[in-house]
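Have a look at protein29.txt; it's compact mmCIF, C-alpha atoms and all ligand atoms:
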```
# COMPACT_ATOMS: atom_id res chain seq x y z
CA MET A 1 67.34 117.22 83.76
CA ALA A 2 66.57 116.12 87.34
CA ALA A 3 68.93 117.64 89.92
CA SER A 4 69.87 114.11 91.05
CA SER A 5 71.39 113.34 87.66
CA PRO A 6 72.67 116.62 86.30
CA ILE A 7 74.59 116.67 83.04
CA ILE A 8 77.91 118.41 83.63
CA LEU A 9 80.72 119.37 81.29
CA GLY A 10 84.08 119.00 83.07
CA ILE A 11 87.17 120.84 81.80
CA GLU A 12 90.75 120.18 82.93
CA SER A 13 93.71 122.31 81.80
CA SER A 14 95.98 122.64 84.85
CA CYS A 15 99.15 121.15 83.36
CA ASP A 16 99.91 119.46 80.04
CA ASP A 17 96.66 117.59 79.35
CA THR A 18 93.68 119.32 77.77
CA SER A 19 90.66 117.29 78.75
CA ALA A 20 86.86 117.52 78.60
CA ALA A 21 84.28 115.09 79.93
CA VAL A 22 80.50 114.85 80.18
CA SER A 23 78.90 113.31 83.25
CA LEU A 24 75.34 112.20 83.91
CA GLY A 25 74.88 111.96 87.66
CA LYS A 26 77.94 110.04 88.86
CA LYS A 27 78.45 108.29 85.54
CA ILE A 28 81.00 109.53 83.02
CA LEU A 29 79.59 109.48 79.48
CA SER A 30 82.77 110.69 77.77
CA ASN A 31 86.31 111.57 78.80
CA VAL A 32 88.50 113.01 76.04
CA ILE A 33 92.16 113.68 76.84
CA SER A 34 94.63 115.39 74.55
CA SER A 35 98.16 115.00 75.97
CA GLN A 36 100.64 117.58 74.76
CA LYS A 37 103.60 115.89 73.09
CA ILE A 38 105.50 119.16 72.63
CA HIS A 39 107.12 118.94 76.10
CA GLU A 40 108.87 115.59 75.48
CA GLN A 41 111.90 117.21 73.86
CA TYR A 42 112.38 119.73 76.72
CA GLY A 43 112.51 117.21 79.59
CA GLY A 44 109.61 118.88 81.40
CA VAL A 45 106.49 120.96 80.90
CA VAL A 46 107.21 124.40 79.36
CA PRO A 47 104.42 126.61 80.77
CA GLU A 48 104.25 129.01 77.82
CA LEU A 49 103.96 126.15 75.32
CA ALA A 50 101.38 124.40 77.51
CA SER A 51 99.10 127.48 77.57
CA ARG A 52 99.31 127.81 73.81
CA ALA A 53 98.57 124.14 73.23
CA HIS A 54 95.53 124.34 75.56
CA GLN A 55 94.30 127.32 73.54
CA SER A 56 94.49 125.28 70.31
CA ASN A 57 93.04 122.11 71.82
CA ILE A 58 90.22 123.30 74.01
CA VAL A 59 87.49 123.78 71.39
CA PRO A 60 88.06 120.47 69.53
CA VAL A 61 88.39 118.55 72.82
CA VAL A 62 85.12 119.96 74.20
CA HIS A 63 83.38 119.22 70.87
CA ALA A 64 84.66 115.64 70.94
CA ALA A 65 83.52 115.12 74.55
CA LEU A 66 80.00 116.36 73.75
CA GLN A 67 79.87 114.28 70.60
CA ASP A 68 81.07 111.08 72.35
CA ALA A 69 78.42 111.61 75.02
CA GLY A 70 75.70 112.19 72.40
CA MET A 71 74.94 115.59 73.93
CA SER A 72 74.81 119.18 72.79
CA VAL A 73 75.57 122.29 74.85
CA SER A 74 71.86 122.89 75.40
CA ASP A 75 71.68 119.63 77.42
CA LEU A 76 74.20 120.88 80.00
CA ASP A 77 73.14 121.77 83.56
CA ALA A 78 76.53 123.14 84.66
CA ILE A 79 80.19 123.51 83.71
CA ALA A 80 82.95 122.43 86.08
CA CYS A 81 86.50 123.72 85.53
CA THR A 82 89.81 123.24 87.29
CA PHE A 83 90.63 126.54 89.05
CA GLY A 84 93.91 125.29 90.55
CA PRO A 85 96.41 124.34 91.70
CA GLY A 86 98.40 124.23 88.48
CA LEU A 87 100.13 126.38 85.88
CA LEU A 88 98.38 129.74 85.84
CA GLY A 89 98.50 130.30 82.08
CA SER A 90 97.11 126.82 81.49
CA LEU A 91 94.38 127.18 84.11
CA LEU A 92 93.30 130.50 82.57
CA VAL A 93 92.54 128.83 79.24
CA GLY A 94 90.10 126.28 80.73
CA ALA A 95 88.61 128.67 83.29
CA SER A 96 88.04 131.47 80.76
CA PHE A 97 86.50 129.06 78.27
CA GLY A 98 84.25 127.61 80.98
CA LYS A 99 83.24 131.04 82.21
CA SER A 100 82.25 132.23 78.74
CA LEU A 101 80.31 129.07 77.94
CA SER A 102 78.47 129.11 81.27
CA GLN A 103 77.55 132.77 80.67
CA SER A 104 76.28 132.17 77.17
CA LEU A 105 74.21 129.17 78.32
CA ASP A 106 73.15 130.85 81.58
CA ILE A 107 74.13 127.83 83.69
CA PRO A 108 76.35 127.61 86.80
CA LEU A 109 80.13 127.49 86.59
CA ILE A 110 81.70 125.33 89.29
CA ASP A 111 85.33 125.90 90.31
CA VAL A 112 87.14 122.64 91.07
CA HIS A 113 90.26 122.01 93.15
CA HIS A 114 92.48 119.71 91.09
CA MET A 115 93.79 117.60 93.99
CA LYS A 116 90.34 117.10 95.50
CA ALA A 117 89.15 115.98 92.08
CA HIS A 118 91.90 113.31 91.96
CA VAL A 119 90.44 111.93 95.22
CA LEU A 120 86.83 112.22 94.05
CA ALA A 121 87.65 110.14 90.95
CA HIS A 122 87.04 107.20 93.32
CA LEU A 123 83.35 108.11 93.51
CA ILE A 124 82.76 107.81 89.75
CA ASP A 125 80.07 105.24 89.11
CA ASP A 126 81.90 102.96 86.64
CA GLY A 127 81.17 99.59 88.18
CA ASN A 128 84.35 99.54 90.30
CA PRO A 129 83.98 99.25 94.10
CA VAL A 130 83.79 102.63 95.85
CA PRO A 131 85.61 103.27 99.16
CA GLU A 132 83.55 103.77 102.30
CA PHE A 133 83.95 106.94 104.35
CA PRO A 134 86.22 107.67 106.08
CA PHE A 135 89.00 106.54 103.78
CA LEU A 136 92.65 107.43 103.28
CA CYS A 137 93.82 108.49 99.83
CA LEU A 138 97.46 108.57 98.80
CA THR A 139 97.42 111.25 96.12
CA VAL A 140 100.55 111.06 94.03
CA SER A 141 101.14 113.17 90.95
CA GLY A 142 103.75 115.26 89.17
CA GLY A 143 103.03 118.21 91.45
CA HIS A 144 101.80 116.66 94.71
CA THR A 145 102.32 113.86 97.18
CA GLN A 146 99.72 113.79 99.93
CA ILE A 147 97.96 111.47 102.32
CA VAL A 148 94.39 112.71 102.54
CA LEU A 149 91.86 111.75 105.20
CA VAL A 150 88.52 111.80 103.37
CA GLN A 151 85.47 112.08 105.63
CA SER A 152 83.03 112.94 102.83
CA PRO A 153 83.15 114.50 99.34
CA TYR A 154 83.10 117.88 101.11
CA ASP A 155 85.44 117.15 104.00
CA MET A 156 89.06 116.25 103.24
CA GLU A 157 92.13 116.86 105.36
CA VAL A 158 95.75 116.56 104.22
CA ILE A 159 97.44 114.64 107.06
CA GLY A 160 100.82 114.18 105.37
CA GLU A 161 102.57 115.70 102.36
CA THR A 162 105.90 116.22 100.68
CA LEU A 163 108.11 118.98 102.01
CA ASP A 164 109.80 119.46 98.63
CA ASP A 165 109.57 117.52 95.33
CA ALA A 166 106.54 115.43 94.42
CA VAL A 167 107.07 111.71 93.86
CA GLY A 168 106.10 112.08 90.17
CA GLU A 169 108.86 114.67 89.88
CA ALA A 170 111.32 112.18 91.43
CA PHE A 171 110.31 109.65 88.76
CA ASP A 172 110.59 112.25 86.00
CA LYS A 173 113.95 113.63 87.19
CA THR A 174 115.40 110.13 87.49
CA ALA A 175 114.25 109.42 83.95
CA LYS A 176 115.89 112.64 82.78
CA MET A 177 119.19 111.57 84.40
CA LEU A 178 118.89 108.32 82.44
CA GLY A 179 118.43 110.28 79.22
CA LEU A 180 114.74 109.44 78.85
CA PRO A 181 112.08 111.88 77.57
CA TYR A 182 109.36 113.57 79.67
CA PRO A 183 107.21 112.32 81.36
CA GLY A 184 109.59 109.60 82.51
CA GLY A 185 107.40 107.96 85.16
CA PRO A 186 105.71 105.48 82.81
CA LEU A 187 109.08 104.68 81.18
CA ILE A 188 110.74 103.95 84.53
CA ASP A 189 107.77 101.69 85.34
CA LYS A 190 108.24 99.81 82.07
CA LEU A 191 112.03 99.50 82.30
CA ALA A 192 111.81 98.35 85.92
CA GLN A 193 109.72 95.36 84.91
CA ASP A 194 112.86 93.77 83.44
CA GLY A 195 115.21 94.96 86.18
CA ASN A 196 116.44 93.79 89.57
CA GLU A 197 115.05 96.11 92.26
CA ASN A 198 117.75 94.99 94.71
CA ALA A 199 120.63 95.71 92.33
CA PHE A 200 121.43 99.09 93.94
CA ALA A 201 120.47 100.27 97.40
CA PHE A 202 119.07 103.77 97.96
CA SER A 203 117.96 104.77 101.41
CA ILE A 204 114.57 106.05 102.57
CA PRO A 205 114.92 109.52 104.13
CA LYS A 206 113.88 109.90 107.77
CA ILE A 207 111.14 112.50 107.74
CA GLU A 208 108.92 113.31 110.69
CA GLY A 209 105.30 112.22 110.98
CA LEU A 210 103.36 111.43 107.84
CA ASN A 211 105.35 113.78 105.63
CA TYR A 212 107.60 112.96 102.72
CA SER A 213 110.68 114.43 101.08
CA PHE A 214 111.99 113.29 97.72
CA SER A 215 114.77 115.75 96.96
CA GLY A 216 117.32 113.67 98.95
CA ILE A 217 116.56 110.55 96.92
CA LYS A 218 117.04 112.54 93.73
CA THR A 219 120.46 113.68 95.01
CA GLN A 220 121.42 110.11 96.00
CA VAL A 221 120.62 108.95 92.47
CA LEU A 222 122.53 111.85 90.90
CA TYR A 223 125.72 111.19 92.91
CA PHE A 224 125.44 107.43 92.42
CA LEU A 225 125.18 107.79 88.63
CA ARG A 226 128.00 110.32 88.52
CA GLN A 227 130.27 107.97 90.48
CA GLN A 228 129.42 104.93 88.39
CA LYS A 229 129.89 106.81 85.12
CA GLU A 230 133.41 107.72 86.19
CA LEU A 231 134.15 103.99 86.46
CA ASP A 232 132.33 103.03 83.28
CA ASP A 233 130.93 105.63 80.91
CA ARG A 234 128.45 103.10 79.51
CA PHE A 235 127.08 102.27 83.00
CA ILE A 236 123.61 103.79 82.45
CA GLU A 237 123.15 102.11 79.10
CA LYS A 238 124.24 98.71 80.49
CA ARG A 239 122.24 98.81 83.72
CA MET A 240 119.21 100.92 82.75
CA ASN A 241 116.64 98.33 83.87
CA ASP A 242 118.33 97.69 87.22
CA ILE A 243 118.70 101.42 87.95
CA ALA A 244 115.02 102.03 87.10
CA ALA A 245 113.89 99.13 89.30
CA SER A 246 116.11 100.12 92.24
CA VAL A 247 115.05 103.80 92.23
CA GLN A 248 111.41 102.81 91.78
CA LYS A 249 111.72 100.48 94.79
CA VAL A 250 112.91 103.19 97.19
CA LEU A 251 110.20 105.60 95.99
CA ILE A 252 107.42 103.02 96.41
CA ASP A 253 108.75 101.73 99.76
CA PHE A 254 108.77 105.30 101.09
CA LEU A 255 105.22 105.98 99.87
CA VAL A 256 103.90 102.79 101.43
CA GLN A 257 105.87 103.20 104.70
CA LYS A 258 103.97 106.41 105.53
CA LEU A 259 100.68 105.03 104.30
CA VAL A 260 101.02 102.09 106.72
CA ARG A 261 101.72 104.55 109.51
CA ALA A 262 98.72 106.71 108.55
CA SER A 263 96.46 103.66 108.59
CA ARG A 264 97.78 102.61 111.99
CA GLU A 265 97.40 106.09 113.48
CA THR A 266 93.88 106.68 112.16
CA GLY A 267 92.62 103.10 112.43
CA ILE A 268 91.35 103.37 108.83
CA ASN A 269 91.68 100.34 106.56
CA GLU A 270 89.91 101.78 103.51
CA ILE A 271 92.91 102.77 101.39
CA ALA A 272 92.75 104.50 98.02
CA ILE A 273 95.38 105.82 95.63
CA ALA A 274 94.96 108.60 93.10
CA GLY A 275 96.96 110.80 90.71
CA GLY A 276 99.31 110.00 87.86
CA VAL A 277 101.76 107.87 89.86
CA SER A 278 98.88 105.60 90.96
CA ALA A 279 99.18 104.15 87.44
CA ASN A 280 102.55 102.67 88.54
CA SER A 281 102.48 98.88 88.41
CA ALA A 282 104.97 98.36 91.28
CA LEU A 283 102.94 100.64 93.57
CA ARG A 284 99.78 98.70 92.72
CA LYS A 285 101.54 95.39 93.39
CA GLN A 286 103.01 96.58 96.69
CA LEU A 287 99.60 97.83 97.81
CA ARG A 288 98.02 94.46 97.08
CA GLU A 289 100.68 92.82 99.27
CA ASP A 290 100.14 95.33 102.06
CA ALA A 291 96.37 94.89 101.79
CA ASN A 292 96.82 91.20 102.59
CA LYS A 293 99.25 91.94 105.41
CA HIS A 294 97.25 94.72 107.10
CA GLY A 295 93.68 93.75 106.21
CA TRP A 296 93.14 96.80 103.98
CA ASN A 297 90.50 97.22 101.33
CA ILE A 298 92.32 98.96 98.49
CA TYR A 299 90.87 101.09 95.72
CA VAL A 300 92.70 101.96 92.54
CA PRO A 301 90.91 104.06 89.91
CA ASP A 302 90.48 102.95 86.34
CA PHE A 303 93.64 103.93 84.43
CA GLN A 304 91.95 106.79 82.52
CA TYR A 305 90.96 108.40 85.86
CA CYS A 306 94.47 108.16 87.39
CA THR A 307 96.37 110.69 85.31
CA ASP A 308 94.93 114.15 84.64
CA ASN A 309 91.45 113.89 83.16
CA ALA A 310 88.22 115.88 83.07
CA GLY A 311 86.09 112.93 84.25
CA MET A 312 87.31 113.62 87.78
CA ILE A 313 86.56 117.34 87.34
CA ALA A 314 82.99 116.56 86.23
CA ILE A 315 82.44 114.27 89.24
CA ALA A 316 83.80 116.96 91.59
CA GLY A 317 81.41 119.36 89.87
CA TYR A 318 78.53 116.94 90.50
CA PHE A 319 79.02 117.12 94.27
CA ASP A 320 79.28 120.92 94.31
CA PHE A 321 76.30 121.27 91.95
CA LYS A 322 74.23 119.45 94.55
CA ARG A 323 75.22 122.19 97.00
CA ASN A 324 74.32 124.94 94.49
CA ARG A 325 77.88 126.15 94.14
CA ASN A 326 78.43 128.81 91.50
CA ALA A 327 81.85 130.37 91.05
CA GLY A 328 80.57 133.73 89.90
CA LEU A 329 82.12 135.98 87.32
CA SER A 330 84.93 137.52 89.32
CA LEU A 331 86.61 134.30 90.45
CA ALA A 332 90.08 133.76 88.99
CA PRO A 333 92.13 130.53 88.93
CA ARG A 334 95.08 130.21 91.27
CA ALA A 335 98.41 128.45 90.82
CA ARG A 336 98.62 127.64 94.55
CA PHE A 337 96.27 127.45 97.47
CA LYS A 338 98.64 128.19 100.33
O1 LIG B 401 98.25 113.44 87.91
P1 LIG B 401 99.16 113.63 86.75
O2 LIG B 401 98.71 113.13 85.41
O3 LIG B 401 99.49 115.15 86.54
C1 LIG B 401 99.72 116.02 87.59
O4 LIG B 401 98.74 116.53 88.18
O5 LIG B 401 100.93 116.17 87.90
O6 LIG B 401 100.57 113.00 87.14
C2 LIG B 401 101.64 113.03 86.25
C3 LIG B 401 102.81 112.33 86.89
C4 LIG B 401 104.10 112.46 86.10
O7 LIG B 401 105.15 112.78 87.00
C5 LIG B 401 104.29 111.06 85.50
O8 LIG B 401 105.63 110.73 85.26
C6 LIG B 401 103.69 110.21 86.59
O9 LIG B 401 102.54 110.92 87.01
N1 LIG B 401 103.30 108.86 86.11
C7 LIG B 401 103.91 107.73 86.53
C8 LIG B 401 103.29 106.66 85.82
N2 LIG B 401 102.33 107.18 85.00
C9 LIG B 401 102.35 108.54 85.21
N3 LIG B 401 104.90 107.53 87.42
C10 LIG B 401 105.30 106.27 87.64
N4 LIG B 401 104.77 105.19 87.00
C11 LIG B 401 103.77 105.34 86.09
N5 LIG B 401 103.26 104.27 85.47
ZN ZN B 402 96.89 115.75 88.55
```

Kindly present the structure from the file in structure tokens form.
Ligand code: KG4
Ligand code: ZN
Amino acid sequence: MAASSPIILGIESSCDDTSAAVSLGKKILSNVISSQKIHEQYGGVVPELASRAHQSNIVPVVHAALQDAGMSVSDLDAIACTFGPGLLGSLLVGASFGKSLSQSLDIPLIDVHHMKAHVLAHLIDDGNPVPEFPFLCLTVSGGHTQIVLVQSPYDMEVIGETLDDAVGEAFDKTAKMLGLPYPGGPLIDKLAQDGNENAFAFSIPKIEGLNYSFSGIKTQVLYFLRQQKELDDRFIEKRMNDIAASVQKVLIDFLVQKLVRASRETGINEIAIAGGVSANSALRKQLREDANKHGWNIYVPDFQYCTDNAGMIAIAGYFDFKRNRNAGLSLAPRARFK
């Protein structure tokens, strides 16, 4: 295959989704995602169970991705795997599988940074408009909340980030307080659609610069619910929609407040969002409003490329393949990068 349109197998296993995708150049031919249901009952991802589920899922998921793409392993030019950040036991499953397959096929193995891949999902050639460089990307997931200044696929700088919890975690922990299963983000989104976002007021923390902090909001919600339950033990049940909408509002307002500031400080009006929380309908709506107000061009990935997926890993692999990157046999995945 010509180097301009390599065929790459992407593998993602950093958290609770086992995913494999096949790309041809910047197009994604298949993107198979197996989400692990086992964690629902525990209110969060249980690392040990996640690793085991990846081990069971990885072979069938890779098979399905190749089959959907109409390819066999002999067509592959490279394998791209998430090497972090993420849960170490989970990362080891995908990275070890990728390493072995790349060895047996004698093709390069490309190590991919999960958060950079969330950003690079915007460069997938799927017919959607692609942001122009430089652009700002608000990357919001269960583990991260960052504002990234993207100069090129190879040059990204984190200019703001959370000092504690990620915004996805704030969604998930709020859901847990409301008695909802994990992951609660999508459920809060759904409940909020029938709620009044001004029913209860939570305040945006004052954090310096372009950084965030979500642990204070979580505490506000906890104390508020505790207080209200003392007055009426059926409070949560009765006001579920309003609570979801009000908490969602403060989280989204905070995200957008810093994004507006980042745009003003950098003079960049190309604004993208990425990561699981970018699937949130209130965030998307608020961004559309701010785009009108501030003259932004906004970019929101196709839903399947928002939450964890291997399509974004394959596209990240595409850019590194063009620079002849090869992870080599001794490279090991890492849970953290600083
Ligand atoms: O990027 P992602 O799939 O995995 C990580 O890398 O963490 O993000 C998962 C996070 C979870 O916290 C989940 O609750 C949140 O994204 N999420 C949402 C929505 N869909 C997923 N949060 C709010 N609204 C949604 N619609
Ligand atoms: Zn992610």

Closest atom pairs, residues of range 29-135 of chain A within 7 Å of range 10-13 of chain A, only C-alpha atoms, as JSON lines:
```
{"residue": "A:His54", "atom": "CA", "partner": "A:Ser13", "partner_atom": "CA", "distance": 6.8}
{"residue": "A:Ile79", "atom": "CA", "partner": "A:Gly10", "partner_atom": "CA", "distance": 6.0}
{"residue": "A:Ala80", "atom": "CA", "partner": "A:Gly10", "partner_atom": "CA", "distance": 4.7}
{"residue": "A:Cys81", "atom": "CA", "partner": "A:Ile11", "partner_atom": "CA", "distance": 4.8}
{"residue": "A:Thr82", "atom": "CA", "partner": "A:Glu12", "partner_atom": "CA", "distance": 5.4}
{"residue": "A:Ser90", "atom": "CA", "partner": "A:Ser13", "partner_atom": "CA", "distance": 5.7}
{"residue": "A:Leu91", "atom": "CA", "partner": "A:Ser13", "partner_atom": "CA", "distance": 5.4}
{"residue": "A:Gly94", "atom": "CA", "partner": "A:Ser13", "partner_atom": "CA", "distance": 5.5}
```

Edge lengths and centre in Å to one decimal, as AutoDock Vina command-line options, of the axis-aligned box that encloses all listed atoms of ligand LIG 401 (chain B) with 4 Å added on every side?
```
--center_x 101.9 --center_y 110.4 --center_z 86.6 --size_x 15.4 --size_y 20.3 --size_z 11.2
```

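Checking A:His63, A:Ala244, A:Ile110, A:Asn57 one by one against Asn324 in chain A, counting all atoms listed in the file, you find the shortest gap at A:Ile110.
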
>> Using only C-alpha atoms, which protein or nucleic acid residues come within 12 Å of range 217-221 of chain A? Drop anything in the same chain fewer than 2 positions from it, and give the result as a ChimeraX atom specification.
In response: /A:164-178,200-206,212-215,223-228,236,243-244,246-252,254

>> If the limit is 9 Å from any atom of ligand LIG 401 (chain B), counting only C-alpha atoms and all ligand atoms, which residues qualify? Return them as a ChimeraX atom specification.
In response: /A:14-17,85-86,114-115,118,139-144,166-173,175,182-190,248,274-283,306-309

>> I'd like to know which of A:Gly89, A:Pro301, A:Gly328, A:Gly84 is closest to ligand ZN 402 (chain B), using only C-alpha atoms and all ligand atoms.
In response: A:Gly84

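You can rank A:Val59, A:Leu231, A:Ile159, A:Ala121 by their closest distance to Ile315 in chain A using all atoms listed in the file, and at the top of that list sits A:Ala121.
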
> Between A:Gly25, A:Gly295, A:Gly311, A:Gly216, which is the closest to ligand ZN 402 (chain B) once you count only C-alpha atoms and all ligand atoms?
Replying inline: A:Gly311

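Take CA of Leu331 in chain A and CA of Ser100 in chain A: the distance between them is 12.7 Å.
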
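The shell of residues at most 10 Å from Ser74 in chain A, with all atoms listed in the file counted and near chain neighbours (fewer than 2 positions) removed, consists of A:Met71, A:Ser72, A:Leu76, A:Asp77, A:Leu105, A:Ile107.
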
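Distance annotation: of A:Asp320, A:Asp126, A:Glu132, A:Asp106, the residue with the minimal separation from Lys26 in chain A is A:Asp126; atom set is only C-alpha atoms.
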
Env of Ala314 in chain A: 7 Å cut, atoms = all atoms listed in the file, seq-sep filter 4 positions within chain, self excluded. Answer as a CSV table (one decimal) with C-alpha atoms, in the coordinates of the input.
```csv
chain,number,residue,atom,x,y,z
A,8,ILE,CA,77.9,118.4,83.6
A,9,LEU,CA,80.7,119.4,81.3
A,10,GLY,CA,84.1,119.0,83.1
A,21,ALA,CA,84.3,115.1,79.9
A,22,VAL,CA,80.5,114.8,80.2
A,23,SER,CA,78.9,113.3,83.2
A,80,ALA,CA,83.0,122.4,86.1
A,310,ALA,CA,88.2,115.9,83.1
A,318,TYR,CA,78.5,116.9,90.5
```

> Using only C-alpha atoms and all ligand atoms, which residue out of A:Ile313, A:Ala53, A:Ala192, A:Ile58 lies closest to ligand ZN 402 (chain B)?
Replying inline: A:Ile313

> What does the distance from CA of Gln103 in chain A to CA of Asp75 in chain A come to in Å, to one decimal?
Replying inline: 14.8 Å

Complete range 143-151 of chain A at the level of all heavy atoms, written as a compact mmCIF listing (two decimals), keeping the file's coordinate frame.
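The resulting file, result21.txt, is reproduced below:
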```
# COMPACT_ATOMS: atom_id res chain seq x y z
N GLY A 143 102.91 116.98 90.66
CA GLY A 143 103.03 118.21 91.45
C GLY A 143 102.79 118.00 92.93
O GLY A 143 103.10 118.88 93.73
N HIS A 144 102.21 116.86 93.31
CA HIS A 144 101.80 116.66 94.71
C HIS A 144 102.07 115.25 95.20
O HIS A 144 102.07 114.31 94.41
CB HIS A 144 100.31 116.95 94.88
CG HIS A 144 99.96 118.37 94.66
ND1 HIS A 144 99.76 118.88 93.39
CD2 HIS A 144 99.80 119.40 95.52
CE1 HIS A 144 99.49 120.17 93.49
NE2 HIS A 144 99.51 120.51 94.77
N THR A 145 102.26 115.16 96.51
CA THR A 145 102.32 113.86 97.18
C THR A 145 101.66 114.08 98.53
O THR A 145 102.19 114.81 99.36
CB THR A 145 103.78 113.41 97.39
OG1 THR A 145 104.43 113.47 96.11
CG2 THR A 145 103.87 111.99 97.92
N GLN A 146 100.49 113.51 98.70
CA GLN A 146 99.72 113.79 99.93
C GLN A 146 99.04 112.53 100.43
O GLN A 146 98.65 111.67 99.63
CB GLN A 146 98.60 114.80 99.63
CG GLN A 146 99.06 116.12 99.08
CD GLN A 146 97.92 117.07 98.78
OE1 GLN A 146 96.82 116.65 98.43
NE2 GLN A 146 98.18 118.37 98.90
N ILE A 147 98.88 112.47 101.76
CA ILE A 147 97.96 111.47 102.32
C ILE A 147 96.76 112.27 102.81
O ILE A 147 96.89 113.20 103.62
CB ILE A 147 98.60 110.68 103.48
CG1 ILE A 147 99.85 109.94 102.98
CG2 ILE A 147 97.59 109.70 104.06
CD1 ILE A 147 100.60 109.16 104.07
N VAL A 148 95.59 111.94 102.25
CA VAL A 148 94.39 112.71 102.54
C VAL A 148 93.42 111.86 103.34
O VAL A 148 93.15 110.70 102.97
CB VAL A 148 93.72 113.19 101.22
CG1 VAL A 148 92.55 114.14 101.52
CG2 VAL A 148 94.73 113.87 100.32
N LEU A 149 92.90 112.42 104.42
CA LEU A 149 91.86 111.75 105.20
C LEU A 149 90.53 112.28 104.66
O LEU A 149 90.23 113.47 104.77
CB LEU A 149 92.04 112.09 106.69
CG LEU A 149 90.93 111.68 107.65
CD1 LEU A 149 90.64 110.19 107.57
CD2 LEU A 149 91.33 112.03 109.09
N VAL A 150 89.76 111.37 104.05
CA VAL A 150 88.52 111.80 103.37
C VAL A 150 87.32 111.38 104.21
O VAL A 150 87.00 110.20 104.33
CB VAL A 150 88.44 111.15 101.96
CG1 VAL A 150 87.30 111.77 101.16
CG2 VAL A 150 89.75 111.28 101.21
N GLN A 151 86.65 112.36 104.79
CA GLN A 151 85.47 112.08 105.63
C GLN A 151 84.20 112.05 104.79
O GLN A 151 83.25 111.35 105.10
CB GLN A 151 85.30 113.16 106.71
CG GLN A 151 86.50 113.30 107.64
CD GLN A 151 86.52 112.25 108.75
OE1 GLN A 151 85.72 111.31 108.74
NE2 GLN A 151 87.45 112.38 109.68
```
